[in-house]
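Trainee: I am attaching a structure below and will ask some questions about it afterwards.
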Amino acid sequence: MLLLQLKINGGMKATEIAGFFSVTPGAVTSTSMCDKLEKLDLIQRVRESEDRRVVKMNLTENGEK
């Protein structure tokens, strides 16, 4: 479900993902969903240059398949 949302939206901020799944932003960026997908090389985390606190999740080439 998350991979599909990332594809549809062209990536999402952690706060947007948290709102979509009704969880805290910390749950998105640290312990659960994104860590596992990142280890599988399906997503990558990108920090915004204007505000390094903001993390955007994008699909990798493997995640696009």
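Labels for the structure tokens follow display order: chains A, B, ..., residues from 1 in each chain, ligands from 1.
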Please list as a ChimeraX atom specification every residue within 6 Å of A:Leu42, counting only C-alpha atoms and excluding residues in the same chain fewer than 2 positions away.

Mentor: /A:37-38,40,59-60,62-63

Trainee: Go ahead and save the picked residues with all heavy atoms, as a compact mmCIF listing (two decimals), in the first residue's frame.

Mentor:
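See selection.txt below for the written result:
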# COMPACT_ATOMS: atom_id res chain seq x y z
N LEU A 37 11.55 -1.27 4.28
CA LEU A 37 11.52 -1.04 2.84
C LEU A 37 12.86 -0.49 2.33
O LEU A 37 13.28 -0.81 1.22
CB LEU A 37 10.38 -0.10 2.48
CG LEU A 37 8.98 -0.65 2.75
CD1 LEU A 37 7.93 0.43 2.52
CD2 LEU A 37 8.71 -1.86 1.87
N GLU A 38 13.52 0.30 3.15
CA GLU A 38 14.82 0.84 2.77
C GLU A 38 15.87 -0.28 2.72
O GLU A 38 16.69 -0.33 1.80
CB GLU A 38 15.24 1.93 3.73
CG GLU A 38 16.44 2.73 3.26
CD GLU A 38 16.73 3.92 4.16
OE1 GLU A 38 16.54 3.83 5.37
OE2 GLU A 38 17.16 4.94 3.60
N LEU A 40 15.32 -3.28 1.99
CA LEU A 40 15.02 -4.08 0.80
C LEU A 40 15.30 -3.32 -0.49
O LEU A 40 15.03 -3.81 -1.58
CB LEU A 40 13.55 -4.53 0.82
CG LEU A 40 13.17 -5.51 1.93
CD1 LEU A 40 11.66 -5.68 1.99
CD2 LEU A 40 13.86 -6.85 1.72
N LEU A 59 10.54 6.23 -4.15
CA LEU A 59 10.79 4.87 -4.61
C LEU A 59 12.16 4.80 -5.29
O LEU A 59 12.58 5.72 -5.99
CB LEU A 59 9.74 4.44 -5.63
CG LEU A 59 8.33 4.21 -5.10
CD1 LEU A 59 7.41 3.87 -6.27
CD2 LEU A 59 8.30 3.11 -4.07
N THR A 60 12.85 3.70 -5.08
CA THR A 60 14.08 3.43 -5.81
C THR A 60 13.69 2.77 -7.13
O THR A 60 12.51 2.48 -7.37
CB THR A 60 15.00 2.47 -5.03
OG1 THR A 60 14.31 1.23 -4.87
CG2 THR A 60 15.40 3.04 -3.68
N ASN A 62 14.27 -0.29 -7.88
CA ASN A 62 13.68 -1.58 -7.50
C ASN A 62 12.25 -1.42 -7.02
O ASN A 62 11.41 -2.29 -7.26
CB ASN A 62 14.51 -2.27 -6.43
CG ASN A 62 15.80 -2.82 -6.95
OD1 ASN A 62 15.91 -3.12 -8.13
ND2 ASN A 62 16.79 -2.95 -6.09
N GLY A 63 11.97 -0.32 -6.32
CA GLY A 63 10.62 -0.08 -5.81
C GLY A 63 9.63 0.23 -6.92
O GLY A 63 8.43 0.01 -6.76

Trainee: Apply DSSP to the backbone of this structure and, from chain A, keep only the residues in strand (DSSP E or B); write these as a PyMOL selection string.

Mentor: chain A and resi 12-13+43-47+55-59

Trainee: Apply DSSP to the structure's backbone, then extract all residues of stretch 11-50 of chain A labelled helix (DSSP H, G or I) and return them as number ranges by chain.

Mentor: A: 14-21, 25-31, 33-39

Trainee: Can you tell me which residues surround stretch 4-12 of chain A at a distance of at most 8 Å, considering only C-alpha atoms, apart from same-chain residues fewer than 3 positions away, and format the answer as a compact mmCIF listing (two decimals) with N, CA and C atoms, in the first residue's frame?

Mentor:
# COMPACT_ATOMS: atom_id res chain seq x y z
N MET A 1 0.82 -1.19 0.00
CA MET A 1 0.00 0.00 0.00
C MET A 1 0.87 1.26 0.00
N GLU A 16 3.20 13.21 5.71
CA GLU A 16 2.09 12.84 4.83
C GLU A 16 1.79 11.35 4.95
N ILE A 17 2.83 10.55 5.01
CA ILE A 17 2.65 9.09 5.17
C ILE A 17 1.99 8.80 6.51
N LYS A 56 11.68 13.10 2.95
CA LYS A 56 10.77 12.64 1.89
C LYS A 56 11.17 11.22 1.49
N MET A 57 10.19 10.38 1.31
CA MET A 57 10.43 9.00 0.88
C MET A 57 10.13 8.91 -0.61
N ASN A 58 11.08 8.37 -1.34
CA ASN A 58 10.93 8.16 -2.78
C ASN A 58 11.17 6.70 -3.10
N LEU A 59 10.54 6.23 -4.15
CA LEU A 59 10.79 4.87 -4.61
C LEU A 59 12.16 4.80 -5.29
N GLU A 64 10.10 0.73 -8.04
CA GLU A 64 9.25 1.05 -9.17
C GLU A 64 8.77 -0.20 -9.90

Trainee: Compare A:Leu3, A:Ala18, A:Pro25, A:Asp51 by their minimum atom-to-atom distance to A:Lys65, counting only C-alpha atoms, and give me the closest one.

Mentor: A:Leu3

Trainee: Quick one: pull the distance between atom CA of A:Phe20 and atom CA of A:Lys39, Å, one decimal.

Mentor: 22.1 Å

Trainee: Measuring atom to atom with only C-alpha atoms, identify which of A:Ser32, A:Gly26, A:Phe21, A:Glu61 is nearest to A:Gln44.

Mentor: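 Answer, going by the shortest atom-to-atom distance: A:Glu61.
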
Trainee: Please determine, counting only C-alpha atoms, which residue among A:Arg47, A:Ser22, A:Leu2, A:Arg53 has the shortest atom-to-atom distance to A:Cys34.

Mentor: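 Of the candidates, the smallest distance to A:Cys34 is held by A:Leu2.
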
Trainee: Report the distance between atom CA of A:Val55 and atom CA of A:Thr15 in Å, rounded to one decimal place.

Mentor: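 For atom CA of A:Val55 relative to atom CA of A:Thr15, the distance reads 8.5 Å.
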